[in-house]
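To start, the structure under review is shown below, and the notes come after it.
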Amino acid sequence: MSEEKGLNPAILDIAALSAAIASRCPSKTAEMIERLHDRGIPDHQIREVVITARSVAAESWERASEMIDAVLAGEPLESCLSRASADSSSYCNTTDKSCCGPAESKTSCC
């Protein structure tokens, strides 16, 4: 029986860097960039991760901000959630509850 190996530690650090950026935590972001440098990841690859993470975080915040503005303007929360679900490009499979399953289920992941 062969022993399963986990993910490459650099991949886990890249995921942690992305999460730190998304959560807007400057100290954890700096720590993860330093750790990636220590692992020998080139600056241009780290920059690519940072750009991607910032883009995803900005889009998520933009959608959340639009929903907050709509609720503050008096739109019912259920209507906002329904619109967000319809606008989402990823959906959950409601039968097995795994997120981002087939689009046919029309149930938002968020």
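Starting from 1 in every chain, residues are counted up; chains themselves are A, B, ... following the order of the structure tokens, and ligands are numbered from 1 as listed.
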List the spatial neighbours of Lys28 of chain A as an mmCIF file with C-alpha atoms, in the first residue's frame - criterion: any atom at most 10 Å away, only C-alpha atoms, same-chain residues fewer than 5 positions off excluded.
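The resulting part27.cif:
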data_model
loop_
_atom_site.group_PDB
_atom_site.id
_atom_site.type_symbol
_atom_site.label_atom_id
_atom_site.label_comp_id
_atom_site.auth_asym_id
_atom_site.auth_seq_id
_atom_site.Cartn_x
_atom_site.Cartn_y
_atom_site.Cartn_z
ATOM 1 C CA ALA A 16 -2.688 31.001 2.054
ATOM 2 C CA LEU A 17 -1.356 34.110 0.287
ATOM 3 C CA ALA A 19 -6.689 33.958 1.337
ATOM 4 C CA ALA A 20 -4.680 36.623 3.167
ATOM 5 C CA ILE A 21 -5.184 39.036 0.271
ATOM 6 C CA SER A 23 -9.299 38.822 3.804
ATOM 7 C CA ILE A 33 5.171 36.493 0.378
ATOM 8 C CA GLU A 34 8.286 36.134 2.521
#
Pick out the residues sitting within 10 Å of segment 50-52 of chain A, and hand them over as an MDAnalysis selection string; count only C-alpha atoms, and ignore anything fewer than 4 positions along from it in its own chain.
chainID A and resid 14 17:18 21:22 29 33 44:46 56:58
Can I get the selection written as a PDB file, in the first residue's frame, with C-alpha atoms?
ATOM      1  CA  ILE A  14       0.093  30.227  -2.498  1.00  0.00           C
ATOM      2  CA  LEU A  17      -1.356  34.110   0.287  1.00  0.00           C
ATOM      3  CA  SER A  18      -4.526  34.332  -1.783  1.00  0.00           C
ATOM      4  CA  ILE A  21      -5.184  39.036   0.271  1.00  0.00           C
ATOM      5  CA  ALA A  22      -8.902  38.244   0.075  1.00  0.00           C
ATOM      6  CA  THR A  29       0.087  38.683   3.201  1.00  0.00           C
ATOM      7  CA  ILE A  33       5.171  36.493   0.378  1.00  0.00           C
ATOM      8  CA  HIS A  44       7.096  37.316 -11.184  1.00  0.00           C
ATOM      9  CA  GLN A  45       5.134  34.211 -10.126  1.00  0.00           C
ATOM     10  CA  ILE A  46       4.305  35.702  -6.731  1.00  0.00           C
ATOM     11  CA  VAL A  56     -11.028  37.871  -7.285  1.00  0.00           C
ATOM     12  CA  ALA A  57     -11.267  39.755  -3.987  1.00  0.00           C
ATOM     13  CA  ALA A  58     -12.263  42.989  -5.751  1.00  0.00           C
TER      14      ALA A  58
END
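Atom CA of Ser60 of chain A to atom CA of Pro9 of chain A spans 26.7 Å [interatomic distance, one decimal].
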